[in-house]
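Below is model_5.tsv, which holds TSV, C-alpha atoms.
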chain	number	residue	atom	x	y	z
A	1	MET	CA	-3.35	15.99	58.04
A	2	ASN	CA	-6.46	15.26	60.08
A	3	THR	CA	-9.87	15.03	58.42
A	4	ALA	CA	-11.22	18.31	59.79
A	5	ALA	CA	-8.15	20.22	58.55
A	6	ALA	CA	-8.39	18.47	55.16
A	7	ASP	CA	-12.08	19.43	54.94
A	8	LEU	CA	-11.27	23.04	55.73
A	9	ASP	CA	-8.58	23.05	53.05
A	10	GLU	CA	-10.99	21.64	50.51
A	11	VAL	CA	-13.66	24.22	51.36
A	12	ALA	CA	-11.08	27.00	50.96
A	13	MET	CA	-9.90	25.48	47.67
A	14	LEU	CA	-13.45	25.20	46.32
A	15	GLU	CA	-14.17	28.79	47.45
A	16	ARG	CA	-11.30	29.91	45.19
A	17	ALA	CA	-11.99	27.50	42.31
A	18	TRP	CA	-15.72	28.33	42.16
A	19	HIS	CA	-15.40	32.08	42.84
A	20	ASP	CA	-17.58	32.82	39.80
A	21	VAL	CA	-20.59	31.19	41.49
A	22	SER	CA	-22.34	34.17	43.05
A	23	PRO	CA	-23.70	35.50	45.32
A	24	ALA	CA	-21.48	34.07	48.08
A	25	PRO	CA	-24.35	32.26	49.92
A	26	ALA	CA	-25.17	30.37	46.69
A	27	ARG	CA	-21.51	29.33	46.45
A	28	ARG	CA	-21.38	28.26	50.10
A	29	LEU	CA	-24.54	26.16	49.61
A	30	LEU	CA	-23.01	24.48	46.55
A	31	ILE	CA	-19.88	23.56	48.50
A	32	ALA	CA	-21.95	22.33	51.47
A	33	ALA	CA	-24.01	20.18	49.08
A	34	VAL	CA	-20.81	18.65	47.62
A	35	GLN	CA	-19.71	17.61	51.08
A	36	ALA	CA	-23.12	16.29	52.15
A	37	PHE	CA	-23.60	14.27	48.93
A	38	ALA	CA	-20.05	12.86	49.20
A	39	GLU	CA	-20.59	11.76	52.81
A	40	ARG	CA	-24.05	10.19	52.68
A	41	GLY	CA	-25.01	10.06	49.00
A	42	TYR	CA	-27.49	12.25	47.11
A	43	HIS	CA	-30.64	10.31	48.03
A	44	ALA	CA	-29.87	10.23	51.77
A	45	THR	CA	-29.21	14.00	51.91
A	46	THR	CA	-32.01	16.51	52.56
A	47	THR	CA	-32.00	20.22	51.72
A	48	ARG	CA	-32.20	20.71	55.52
A	49	ASP	CA	-28.86	18.84	55.92
A	50	ILE	CA	-27.27	21.16	53.37
A	51	ALA	CA	-28.81	24.32	54.88
A	52	THR	CA	-27.68	23.35	58.39
A	53	ARG	CA	-24.05	23.07	57.25
A	54	VAL	CA	-24.00	26.78	56.41
A	55	GLY	CA	-26.28	27.93	59.23
A	56	MET	CA	-29.29	28.56	56.99
A	57	SER	CA	-32.91	27.44	57.18
A	58	PRO	CA	-34.19	25.09	54.45
A	59	ALA	CA	-36.21	28.05	53.12
A	60	GLY	CA	-32.91	29.91	52.64
A	61	VAL	CA	-31.79	27.20	50.18
A	62	TYR	CA	-34.82	27.84	47.96
A	63	VAL	CA	-33.85	31.50	47.57
A	64	HIS	CA	-30.91	30.24	45.48
A	65	TYR	CA	-31.91	26.77	44.20
A	66	ARG	CA	-35.29	25.37	43.19
A	67	SER	CA	-34.58	21.89	44.53
A	68	LYS	CA	-31.96	19.43	45.78
A	69	GLU	CA	-31.70	18.21	42.20
A	70	GLU	CA	-30.82	21.72	41.03
A	71	LEU	CA	-27.96	21.77	43.54
A	72	LEU	CA	-26.63	18.50	42.11
A	73	TYR	CA	-27.07	19.82	38.56
A	74	ARG	CA	-25.16	23.02	39.39
A	75	ILE	CA	-22.37	21.02	41.04
A	76	CYS	CA	-22.11	18.86	37.91
A	77	LEU	CA	-22.19	21.89	35.63
A	78	VAL	CA	-19.60	23.93	37.54
A	79	GLY	CA	-17.41	20.87	38.16
A	80	HIS	CA	-17.40	19.70	34.55
A	81	ARG	CA	-16.86	23.19	33.13
A	82	HIS	CA	-14.01	23.70	35.56
A	83	SER	CA	-12.31	20.43	34.63
A	84	LEU	CA	-12.92	21.02	30.90
A	85	VAL	CA	-11.14	24.40	31.17
A	86	ALA	CA	-8.22	22.63	32.89
A	87	LEU	CA	-8.12	19.93	30.17
A	88	ARG	CA	-8.19	22.49	27.32
A	89	ALA	CA	-5.45	24.57	28.93
A	90	ALA	CA	-3.30	21.44	29.30
A	91	ALA	CA	-3.88	20.42	25.67
A	92	ALA	CA	-2.97	23.91	24.41
A	93	ARG	CA	0.37	24.07	26.23
A	94	SER	CA	2.36	22.10	23.66
A	95	ASP	CA	2.03	20.95	20.07
A	96	ASP	CA	4.39	18.02	20.61
A	97	PRO	CA	2.18	14.89	20.87
A	98	VAL	CA	4.11	13.25	23.73
A	99	GLN	CA	4.24	16.45	25.78
A	100	GLN	CA	0.59	17.18	25.02
A	101	LEU	CA	-0.49	13.71	26.20
A	102	ARG	CA	1.67	14.10	29.32
A	103	ASP	CA	0.09	17.48	30.09
A	104	VAL	CA	-3.50	16.36	29.47
A	105	ILE	CA	-3.37	13.10	31.45
A	106	GLY	CA	-0.97	14.38	34.13
A	107	ASP	CA	-3.05	17.51	34.83
A	108	PHE	CA	-6.35	15.65	34.75
A	109	ALA	CA	-5.11	12.96	37.17
A	110	ALA	CA	-3.77	15.67	39.54
A	111	TRP	CA	-7.11	17.55	39.22
A	112	HIS	CA	-9.00	14.42	40.35
A	113	ALA	CA	-6.72	14.11	43.40
A	114	LEU	CA	-6.97	17.79	44.32
A	115	PHE	CA	-10.75	17.98	43.80
A	116	HIS	CA	-11.54	14.41	44.84
A	117	THR	CA	-14.70	15.26	46.79
A	118	PRO	CA	-16.57	17.14	44.02
A	119	ALA	CA	-15.10	14.69	41.49
A	120	ARG	CA	-16.69	11.76	43.35
A	121	VAL	CA	-20.08	13.49	43.43
A	122	ILE	CA	-20.06	14.39	39.73
A	123	SER	CA	-18.90	10.91	38.71
A	124	TYR	CA	-21.12	8.77	40.95
A	125	GLU	CA	-24.38	10.72	41.29
A	126	LEU	CA	-25.09	11.45	37.61
A	127	ASN	CA	-28.01	9.00	37.57
A	128	ALA	CA	-29.91	11.20	40.05
A	129	LEU	CA	-30.07	14.07	37.52
A	130	GLU	CA	-33.30	14.89	35.67
A	131	PRO	CA	-33.19	13.67	32.04
A	132	ALA	CA	-32.61	17.14	30.50
A	133	HIS	CA	-29.82	17.90	32.98
A	134	LEU	CA	-28.24	14.49	32.43
A	135	THR	CA	-28.21	15.14	28.66
A	136	GLU	CA	-26.44	18.46	29.19
A	137	ILE	CA	-23.80	17.00	31.51
A	138	THR	CA	-23.28	13.96	29.27
A	139	ALA	CA	-22.49	16.39	26.43
A	140	LEU	CA	-19.76	17.99	28.57
A	141	ARG	CA	-18.31	14.56	29.37
A	142	HIS	CA	-18.38	13.76	25.66
A	143	GLU	CA	-16.31	16.92	24.99
A	144	MET	CA	-13.64	15.59	27.39
A	145	ASP	CA	-13.71	12.30	25.56
A	146	LEU	CA	-13.22	14.06	22.21
A	147	LEU	CA	-10.34	16.13	23.59
A	148	VAL	CA	-8.46	13.01	24.74
A	149	ARG	CA	-9.18	11.28	21.42
A	150	ALA	CA	-7.91	14.33	19.51
A	151	THR	CA	-4.66	14.14	21.48
A	152	LEU	CA	-4.28	10.48	20.49
A	153	GLU	CA	-5.17	11.18	16.85
A	154	HIS	CA	-2.64	14.02	16.75
A	155	GLY	CA	0.15	11.65	17.86
A	156	VAL	CA	-0.93	8.94	15.43
A	157	ALA	CA	-1.09	11.45	12.53
A	158	ARG	CA	2.44	12.61	13.34
A	159	GLY	CA	3.59	8.98	13.33
A	160	VAL	CA	4.64	9.22	16.98
A	161	PHE	CA	1.92	7.07	18.60
A	162	ASP	CA	0.82	3.54	17.82
A	163	VAL	CA	-2.83	3.23	18.98
A	164	PRO	CA	-4.88	0.46	17.34
A	165	ASP	CA	-8.08	1.36	19.26
A	166	ILE	CA	-8.35	5.15	19.71
A	167	PRO	CA	-11.87	5.29	21.29
A	168	GLY	CA	-11.04	2.40	23.66
A	169	THR	CA	-7.65	3.82	24.65
A	170	GLY	CA	-9.19	7.28	25.16
A	171	LEU	CA	-11.90	5.78	27.36
A	172	ALA	CA	-9.30	3.86	29.40
A	173	LEU	CA	-7.13	6.97	29.85
A	174	LEU	CA	-10.07	9.06	31.08
A	175	SER	CA	-11.27	6.21	33.29
A	176	LEU	CA	-7.81	5.88	34.84
A	177	THR	CA	-7.77	9.58	35.80
A	178	VAL	CA	-11.41	9.66	36.99
A	179	ASP	CA	-10.81	6.76	39.39
A	180	VAL	CA	-8.06	8.72	41.18
A	181	ALA	CA	-10.92	10.54	42.98
A	182	ARG	CA	-12.09	7.19	44.44
A	183	TRP	CA	-8.81	5.99	45.97
A	184	TYR	CA	-7.03	9.29	46.68
A	185	ARG	CA	-6.58	10.26	50.34
A	186	THR	CA	-5.08	13.59	51.49
A	187	SER	CA	-3.25	11.50	54.12
A	188	GLY	CA	-1.67	9.20	51.48
A	189	ARG	CA	1.99	9.35	50.53
A	190	ARG	CA	1.47	10.45	46.91
A	191	ALA	CA	0.76	14.16	46.35
A	192	PRO	CA	-1.52	15.19	43.44
A	193	GLU	CA	1.51	16.23	41.33
A	194	ASP	CA	3.24	12.86	41.96
A	195	ILE	CA	0.12	11.05	40.75
A	196	GLY	CA	0.05	13.35	37.71
A	197	ALA	CA	3.70	12.55	36.86
A	198	LEU	CA	3.18	8.76	37.23
A	199	TYR	CA	0.01	8.80	35.13
A	200	ALA	CA	1.65	10.97	32.44
A	201	ASP	CA	4.38	8.29	32.16
A	202	LEU	CA	1.85	5.44	32.02
A	203	ALA	CA	-0.15	7.26	29.31
A	204	VAL	CA	2.95	7.65	27.13
A	205	ARG	CA	3.67	3.93	27.58
A	206	MET	CA	0.07	3.07	26.61
A	207	VAL	CA	0.47	4.79	23.24
A	208	GLN	CA	3.91	3.23	22.65
A	209	ALA	CA	5.46	6.61	21.90
A	210	ARG	CA	8.55	6.07	19.78
B	211	MET	CA	-31.22	-5.23	26.12
B	212	ASN	CA	-33.75	-3.30	28.21
B	213	THR	CA	-33.03	-2.48	31.84
B	214	ALA	CA	-35.55	-4.93	33.31
B	215	ALA	CA	-34.09	-7.80	31.24
B	216	ALA	CA	-30.54	-6.75	32.20
B	217	ASP	CA	-31.58	-6.69	35.88
B	218	LEU	CA	-33.07	-10.16	35.58
B	219	ASP	CA	-29.88	-11.42	33.95
B	220	GLU	CA	-27.77	-9.95	36.71
B	221	VAL	CA	-29.94	-11.50	39.42
B	222	ALA	CA	-29.63	-14.89	37.70
B	223	MET	CA	-25.87	-14.41	37.36
B	224	LEU	CA	-25.48	-13.49	41.04
B	225	GLU	CA	-27.68	-16.45	42.05
B	226	ARG	CA	-25.13	-18.70	40.31
B	227	ALA	CA	-22.00	-16.82	41.42
B	228	TRP	CA	-23.06	-16.63	45.07
B	229	HIS	CA	-24.59	-20.12	45.29
B	230	ASP	CA	-22.55	-20.84	48.44
B	231	VAL	CA	-24.47	-18.17	50.37
B	232	SER	CA	-27.18	-20.21	52.06
B	233	PRO	CA	-30.01	-20.66	52.86
B	234	ALA	CA	-31.60	-19.36	49.65
B	235	PRO	CA	-33.58	-16.53	51.37
B	236	ALA	CA	-30.30	-15.16	52.79
B	237	ARG	CA	-28.82	-15.19	49.27
B	238	ARG	CA	-31.90	-13.49	47.77
B	239	LEU	CA	-31.71	-10.78	50.44
B	240	LEU	CA	-28.02	-10.19	49.68
B	241	ILE	CA	-28.76	-9.79	45.97
B	242	ALA	CA	-31.73	-7.49	46.70
B	243	ALA	CA	-29.48	-5.38	48.95
B	244	VAL	CA	-26.88	-5.08	46.16
B	245	GLN	CA	-29.52	-3.70	43.83
B	246	ALA	CA	-31.06	-1.35	46.39
B	247	PHE	CA	-27.67	0.06	47.47
B	248	ALA	CA	-26.60	0.50	43.83
B	249	GLU	CA	-29.79	2.38	42.95
B	250	ARG	CA	-30.18	4.77	45.89
B	251	GLY	CA	-26.99	4.43	47.93
B	252	TYR	CA	-26.47	2.65	51.27
B	253	HIS	CA	-27.63	5.50	53.50
B	254	ALA	CA	-30.89	6.09	51.59
B	255	THR	CA	-31.84	2.39	51.66
B	256	THR	CA	-33.86	0.90	54.54
B	257	THR	CA	-34.06	-2.77	55.52
B	258	ARG	CA	-37.74	-2.44	54.58
B	259	ASP	CA	-36.76	-1.48	50.99
B	260	ILE	CA	-34.59	-4.59	50.79
B	261	ALA	CA	-37.24	-6.87	52.35
B	262	THR	CA	-39.93	-5.57	50.00
B	263	ARG	CA	-37.84	-6.50	46.93
B	264	VAL	CA	-38.02	-10.16	47.88
B	265	GLY	CA	-41.57	-10.09	49.32
B	266	MET	CA	-40.44	-10.34	52.95
B	267	SER	CA	-41.28	-8.29	56.02
B	268	PRO	CA	-38.45	-6.25	57.63
B	269	ALA	CA	-38.53	-8.78	60.51
B	270	GLY	CA	-37.71	-11.49	57.96
B	271	VAL	CA	-34.42	-9.71	57.19
B	272	TYR	CA	-33.36	-9.94	60.83
B	273	VAL	CA	-33.70	-13.73	60.77
B	274	HIS	CA	-30.65	-13.74	58.47
B	275	TYR	CA	-28.81	-10.45	59.13
B	276	ARG	CA	-28.41	-8.42	62.30
B	277	SER	CA	-28.52	-5.05	60.53
B	278	LYS	CA	-28.33	-3.19	57.25
B	279	GLU	CA	-24.61	-2.82	57.90
B	280	GLU	CA	-24.23	-6.59	58.14
B	281	LEU	CA	-25.83	-6.92	54.71
B	282	LEU	CA	-23.27	-4.47	53.29
B	283	TYR	CA	-20.46	-6.28	55.09
B	284	ARG	CA	-21.56	-9.67	53.68
B	285	ILE	CA	-21.83	-8.20	50.17
B	286	CYS	CA	-18.28	-6.82	50.50
B	287	LEU	CA	-16.99	-10.13	51.90
B	288	VAL	CA	-18.63	-12.36	49.29
B	289	GLY	CA	-17.80	-9.93	46.46
B	290	HIS	CA	-14.14	-9.53	47.38
B	291	ARG	CA	-13.62	-13.26	48.02
B	292	HIS	CA	-15.26	-14.02	44.69
B	293	SER	CA	-13.07	-11.57	42.79
B	294	LEU	CA	-9.94	-12.70	44.65
B	295	VAL	CA	-10.64	-16.30	43.58
B	296	ALA	CA	-10.97	-15.07	39.98
B	297	LEU	CA	-7.70	-13.10	40.22
B	298	ARG	CA	-5.78	-16.05	41.70
B	299	ALA	CA	-7.11	-18.43	39.04
B	300	ALA	CA	-6.05	-15.96	36.33
B	301	ALA	CA	-2.55	-15.58	37.83
B	302	ALA	CA	-2.07	-19.35	38.06
B	303	ARG	CA	-2.92	-20.04	34.43
B	304	SER	CA	0.52	-19.22	33.01
B	305	ASP	CA	4.07	-18.76	34.25
B	306	ASP	CA	4.97	-16.51	31.31
B	307	PRO	CA	4.98	-12.91	32.68
B	308	VAL	CA	3.28	-11.32	29.64
B	309	GLN	CA	0.56	-13.97	29.49
B	310	GLN	CA	0.10	-13.82	33.27
B	311	LEU	CA	-0.36	-10.04	33.21
B	312	ARG	CA	-2.79	-10.36	30.27
B	313	ASP	CA	-4.81	-12.99	32.16
B	314	VAL	CA	-4.89	-11.09	35.47
B	315	ILE	CA	-5.83	-7.66	34.08
B	316	GLY	CA	-8.02	-8.98	31.25
B	317	ASP	CA	-10.03	-11.24	33.56
B	318	PHE	CA	-10.34	-8.61	36.29
B	319	ALA	CA	-11.55	-5.95	33.84
B	320	ALA	CA	-14.10	-8.39	32.38
B	321	TRP	CA	-15.19	-9.34	35.94
B	322	HIS	CA	-15.90	-5.67	36.71
B	323	ALA	CA	-18.05	-5.38	33.57
B	324	LEU	CA	-19.94	-8.62	34.21
B	325	PHE	CA	-20.50	-7.89	37.92
B	326	HIS	CA	-20.72	-4.09	37.61
B	327	THR	CA	-23.60	-3.67	40.09
B	328	PRO	CA	-22.03	-5.49	43.09
B	329	ALA	CA	-18.63	-4.07	42.05
B	330	ARG	CA	-19.99	-0.51	42.36
B	331	VAL	CA	-21.43	-1.22	45.81
B	332	ILE	CA	-18.24	-2.81	47.16
B	333	SER	CA	-16.06	-0.03	45.74
B	334	TYR	CA	-18.15	3.03	46.66
B	335	GLU	CA	-19.84	2.13	49.95
B	336	LEU	CA	-16.81	0.90	51.93
B	337	ASN	CA	-16.90	3.98	54.17
B	338	ALA	CA	-20.27	2.90	55.57
B	339	LEU	CA	-18.73	-0.27	57.08
B	340	GLU	CA	-18.10	-0.53	60.83
B	341	PRO	CA	-14.37	-0.13	61.64
B	342	ALA	CA	-13.72	-3.88	62.27
B	343	HIS	CA	-15.49	-4.83	59.05
B	344	LEU	CA	-13.65	-2.15	57.09
B	345	THR	CA	-10.33	-3.51	58.40
B	346	GLU	CA	-11.23	-7.01	57.23
B	347	ILE	CA	-12.31	-5.87	53.76
B	348	THR	CA	-9.28	-3.59	53.40
B	349	ALA	CA	-7.08	-6.65	54.05
B	350	LEU	CA	-8.78	-8.46	51.13
B	351	ARG	CA	-8.22	-5.45	48.88
B	352	HIS	CA	-4.58	-5.42	49.97
B	353	GLU	CA	-4.27	-9.07	48.88
B	354	MET	CA	-5.43	-8.07	45.40
B	355	ASP	CA	-2.87	-5.32	45.40
B	356	LEU	CA	-0.11	-7.77	46.36
B	357	LEU	CA	-1.18	-10.21	43.66
B	358	VAL	CA	-0.92	-7.54	40.93
B	359	ARG	CA	2.42	-6.36	42.33
B	360	ALA	CA	3.73	-9.95	42.35
B	361	THR	CA	2.80	-10.26	38.67
B	362	LEU	CA	4.79	-7.10	37.92
B	363	GLU	CA	7.75	-8.23	40.05
B	364	HIS	CA	7.75	-11.61	38.30
B	365	GLY	CA	8.09	-9.90	34.89
B	366	VAL	CA	10.79	-7.52	36.13
B	367	ALA	CA	12.75	-10.42	37.70
B	368	ARG	CA	12.62	-12.30	34.39
B	369	GLY	CA	13.91	-9.17	32.62
B	370	VAL	CA	10.76	-8.97	30.51
B	371	PHE	CA	9.09	-5.91	32.11
B	372	ASP	CA	10.45	-2.42	32.67
B	373	VAL	CA	8.51	-0.93	35.63
B	374	PRO	CA	10.23	1.92	37.51
B	375	ASP	CA	7.37	2.28	40.06
B	376	ILE	CA	5.87	-1.13	40.90
B	377	PRO	CA	3.43	-0.02	43.67
B	378	GLY	CA	2.23	2.95	41.59
B	379	THR	CA	1.82	0.90	38.41
B	380	GLY	CA	0.03	-1.86	40.35
B	381	LEU	CA	-2.33	0.72	41.87
B	382	ALA	CA	-3.02	2.23	38.43
B	383	LEU	CA	-3.70	-1.19	36.89
B	384	LEU	CA	-6.17	-2.15	39.63
B	385	SER	CA	-7.76	1.30	39.48
B	386	LEU	CA	-8.20	0.99	35.70
B	387	THR	CA	-10.06	-2.32	36.08
B	388	VAL	CA	-12.17	-1.19	39.09
B	389	ASP	CA	-13.46	1.86	37.21
B	390	VAL	CA	-14.90	-0.38	34.46
B	391	ALA	CA	-17.81	-0.96	36.89
B	392	ARG	CA	-18.59	2.79	36.85
B	393	TRP	CA	-18.82	3.33	33.09
B	394	TYR	CA	-19.88	-0.12	31.85
B	395	ARG	CA	-23.42	-0.43	30.46
B	396	THR	CA	-24.98	-3.74	29.35
B	397	SER	CA	-26.38	-1.74	26.40
B	398	GLY	CA	-22.91	-0.51	25.33
B	399	ARG	CA	-21.10	-1.82	22.28
B	400	ARG	CA	-18.17	-3.44	24.12
B	401	ALA	CA	-18.83	-6.86	25.70
B	402	PRO	CA	-17.01	-7.78	28.94
B	403	GLU	CA	-14.54	-9.98	27.01
B	404	ASP	CA	-13.76	-7.14	24.54
B	405	ILE	CA	-12.98	-4.83	27.46
B	406	GLY	CA	-10.79	-7.59	28.95
B	407	ALA	CA	-8.84	-7.96	25.68
B	408	LEU	CA	-8.30	-4.19	25.31
B	409	TYR	CA	-7.20	-3.79	28.93
B	410	ALA	CA	-4.84	-6.79	28.69
B	411	ASP	CA	-3.15	-5.05	25.72
B	412	LEU	CA	-2.94	-1.72	27.55
B	413	ALA	CA	-1.44	-3.43	30.63
B	414	VAL	CA	1.29	-5.05	28.53
B	415	ARG	CA	2.06	-1.66	26.99
B	416	MET	CA	2.25	-0.06	30.47
B	417	VAL	CA	5.02	-2.45	31.52
B	418	GLN	CA	6.87	-2.02	28.21
B	419	ALA	CA	7.08	-5.76	27.69
B	420	ARG	CA	10.01	-6.51	25.40
For the file at hand, write its structure as structure tokens.
Amino acid sequence: MNTAAADLDEVAMLERAWHDVSPAPARRLLIAAVQAFAERGYHATTTRDIATRVGMSPAGVYVHYRSKEELLYRICLVGHRHSLVALRAAAARSDDPVQQLRDVIGDFAAWHALFHTPARVISYELNALEPAHLTEITALRHEMDLLVRATLEHGVARGVFDVPDIPGTGLALLSLTVDVARWYRTSGRRAPEDIGALYADLAVRMVQAR
Amino acid sequence: MNTAAADLDEVAMLERAWHDVSPAPARRLLIAAVQAFAERGYHATTTRDIATRVGMSPAGVYVHYRSKEELLYRICLVGHRHSLVALRAAAARSDDPVQQLRDVIGDFAAWHALFHTPARVISYELNALEPAHLTEITALRHEMDLLVRATLEHGVARGVFDVPDIPGTGLALLSLTVDVARWYRTSGRRAPEDIGALYADLAVRMVQAR
């Protein structure tokens, strides 16, 4: 797949995934900002760069967003809520600890491959958020952390997992899935679902499921 | 530890680690560039920003480096060579597969905590390199990949490891250690050596060492 086609696919995918961001021009600006921040970094991107991508004037951006920082904040908010919904749905699919861990880590790894561009922005540009926004997003990340820990605790309580360091293992599992967004290429030979299956296996090994 | 003190510590640490970059002003510029790129991103940093950090004029930068891109390239080269030396030393310490895997992954995870600022730059700004430079750095990253794979193959050949997907497991192990640079904070409660010990344990679990 060439880069332009991959970009188009990702725009179409984000249009579907973020359909609740309305009106449509606000959604298009959010997606354009994701791409601009991913390419050149938050600090090197101007609101004019973002506006130009969707054929708007910089003034048009301010109809929907107060500032460039608000665009980043909205991306982080929508992106984290979206991935938290995916994580919760995965955790709710089974009560069996091994299957639950497989679903949570497998789905989250696949999510980071599929949505690698927004995932990079929301993982690497957090420090550019205003303090109050950073606090809000950090709370969402903490919820993900707690969800993974709960999965580990569930398996330990059932006597199925052996995990001496639950916070550390939870952190490592989340870190492993988050970093998929860094190395994943649409042109690579592993599809998002293959990465999910491999990572689900590795997670089960890490907890020494009996 | 406050941020200014942590910054000072990291500068001192890089001064020692990169002592073979000479003359001293060239080394100081390289370290200043690491910090500037980590704070605002490569594209938002000017050679003037870098020069100012060490009390030089922009013209002073060009005495040592042709361009901002050459600074990034040198950071990537020095950083990757430095970490490759650390990886090779870790792999050579023991012939026992379990101990070798512990040493390689434990040391590399600790390295990414200790050198988190240059590690972030060399992991996240690769796309800004000129094609020939990117090819050279990618070859160094591939050597790291081969070293981790060789460690896995060694354990499988000895009948000690059970690894159905060696390239995938090697990729995941490297990815796990690289992402330490993203989440590590000098103010956090885990020291680099604690992270190394935890990750060494998790690696051994991932290969189901008997």
**OP:** With a cut-off of 10 Å and counting all atoms listed in the file, select all residues of chain A in contact with chain B and give the selection as a ChimeraX atom specification.
**Re:** /A:39-45,120,123-125,127-128,163-165,168-169,171-180,182-183,190,194-195,198-199,201-208
**OP:** Find the distance between CA of Gly155 in chain A and CA of Leu101 in chain A and write it in Å to one decimal.
**Re:**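 Taking CA of Gly155 in chain A and CA of Leu101 in chain A, their separation equals 8.6 Å.
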**OP:** Could you tell me how far CA of Ala227 in chain B lies from CA of Leu294 in chain B, in Å and to one decimal?
**Re:** 13.1 Å
Original post:
Which residues come within 6 Å of range 317-329 of chain B, counting only C-alpha atoms, excluding same-chain residues fewer than 2 positions away, as a list in words?
Top reply: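 Residues meeting the cut-off are Val244, Asp313, Val314, Ile315, Val331, Ile332, Thr387, Val390, Ala391, Tyr394, Pro402, Glu403 and Gly406 of chain B.
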Original post:
Which polymer residues, protein or nucleic acid, are no farther than 9 Å from (-23.9, -15.1, 43.7), counting only C-alpha atoms, as a list in words?
Top reply: Val221, Ala222, Met223, Leu224, Glu225, Arg226, Ala227, Trp228, His229, Asp230, Val231, Arg237, Leu240, Ile241, Val288, Gly289 and His292 of chain B
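Minimum atom-to-atom distance to Leu71 in chain A, evaluated using only C-alpha atoms, belongs to A:Leu129 out of A:Val98, A:Leu129, A:Val85, A:Ala91.
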**OP:** Report the distance between CA of Ala51 in chain A and CA of Ala32 in chain A in Å, rounded to one decimal place.
**Re:** 7.9 Å
**OP:** Can you pull out every residue within 8 Å of range 357-361 of chain B, counting only C-alpha atoms, but drop anything in the same chain fewer than 2 positions away, and send it as a PyMOL selection string?
**Re:** chain B and resi 297-298+301+307+310-311+314+353-355+363-365+376-377+380+384
**OP:** Using only C-alpha atoms, determine which residues lie at most 10 Å from Thr257 in chain B, disregarding the query and same-chain residues fewer than 2 positions distant; provide the list as number ranges by chain.
**Re:** B: 239, 243, 246, 255, 259-262, 267-272, 275, 277-279, 281
**OP:** Determine the nearest neighbour of Cys76 in chain A from the options A:His133, A:Arg48, A:Arg185, A:Arg210, counting all atoms listed in the file.
**Re:**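 Among the listed residues, A:His133 lies closest to Cys76 in chain A.
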Original post:
Of the candidates B:Pro233, B:Gly265, B:Gly369, B:Gly398, which one gets nearest to Asp306 in chain B if we count only C-alpha atoms?
Top reply: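 Nearest to Asp306 in chain B: B:Gly369.
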Could range 325-337 of chain B be written out with N, CA and C atoms, as a PDB file, in the first residue's frame, please?
ATOM      1  N   PHE B 325      19.034   6.790  30.086  1.00  0.00           N
ATOM      2  CA  PHE B 325      19.246   7.712  28.960  1.00  0.00           C
ATOM      3  C   PHE B 325      17.911   8.017  28.258  1.00  0.00           C
ATOM      4  N   HIS B 326      16.870   8.291  29.065  1.00  0.00           N
ATOM      5  CA  HIS B 326      15.534   8.428  28.458  1.00  0.00           C
ATOM      6  C   HIS B 326      15.426   9.607  27.492  1.00  0.00           C
ATOM      7  N   THR B 327      16.148  10.713  27.761  1.00  0.00           N
ATOM      8  CA  THR B 327      16.015  11.868  26.855  1.00  0.00           C
ATOM      9  C   THR B 327      16.627  11.582  25.478  1.00  0.00           C
ATOM     10  N   PRO B 328      17.923  11.193  25.374  1.00  0.00           N
ATOM     11  CA  PRO B 328      18.403  10.839  24.030  1.00  0.00           C
ATOM     12  C   PRO B 328      17.645   9.652  23.424  1.00  0.00           C
ATOM     13  N   ALA B 329      17.202   8.709  24.260  1.00  0.00           N
ATOM     14  CA  ALA B 329      16.479   7.544  23.724  1.00  0.00           C
ATOM     15  C   ALA B 329      15.174   7.973  23.049  1.00  0.00           C
ATOM     16  N   ARG B 330      14.491   8.977  23.644  1.00  0.00           N
ATOM     17  CA  ARG B 330      13.249   9.469  23.013  1.00  0.00           C
ATOM     18  C   ARG B 330      13.559  10.090  21.650  1.00  0.00           C
ATOM     19  N   VAL B 331      14.606  10.914  21.616  1.00  0.00           N
ATOM     20  CA  VAL B 331      14.950  11.593  20.361  1.00  0.00           C
ATOM     21  C   VAL B 331      15.285  10.569  19.278  1.00  0.00           C
ATOM     22  N   ILE B 332      16.125   9.577  19.616  1.00  0.00           N
ATOM     23  CA  ILE B 332      16.554   8.639  18.565  1.00  0.00           C
ATOM     24  C   ILE B 332      15.453   7.648  18.190  1.00  0.00           C
ATOM     25  N   SER B 333      14.426   7.519  19.027  1.00  0.00           N
ATOM     26  CA  SER B 333      13.320   6.626  18.651  1.00  0.00           C
ATOM     27  C   SER B 333      12.202   7.352  17.914  1.00  0.00           C
ATOM     28  N   TYR B 334      11.983   8.637  18.229  1.00  0.00           N
ATOM     29  CA  TYR B 334      10.797   9.320  17.686  1.00  0.00           C
ATOM     30  C   TYR B 334      11.104  10.254  16.530  1.00  0.00           C
ATOM     31  N   GLU B 335      12.362  10.622  16.328  1.00  0.00           N
ATOM     32  CA  GLU B 335      12.660  11.630  15.298  1.00  0.00           C
ATOM     33  C   GLU B 335      13.364  11.038  14.077  1.00  0.00           C
ATOM     34  N   LEU B 336      13.417   9.700  14.003  1.00  0.00           N
ATOM     35  CA  LEU B 336      14.094   9.040  12.881  1.00  0.00           C
ATOM     36  C   LEU B 336      13.593   9.508  11.510  1.00  0.00           C
ATOM     37  N   ASN B 337      12.292   9.777  11.415  1.00  0.00           N
ATOM     38  CA  ASN B 337      11.716  10.153  10.117  1.00  0.00           C
ATOM     39  C   ASN B 337      12.236  11.477   9.583  1.00  0.00           C
TER      40      ASN B 337
END
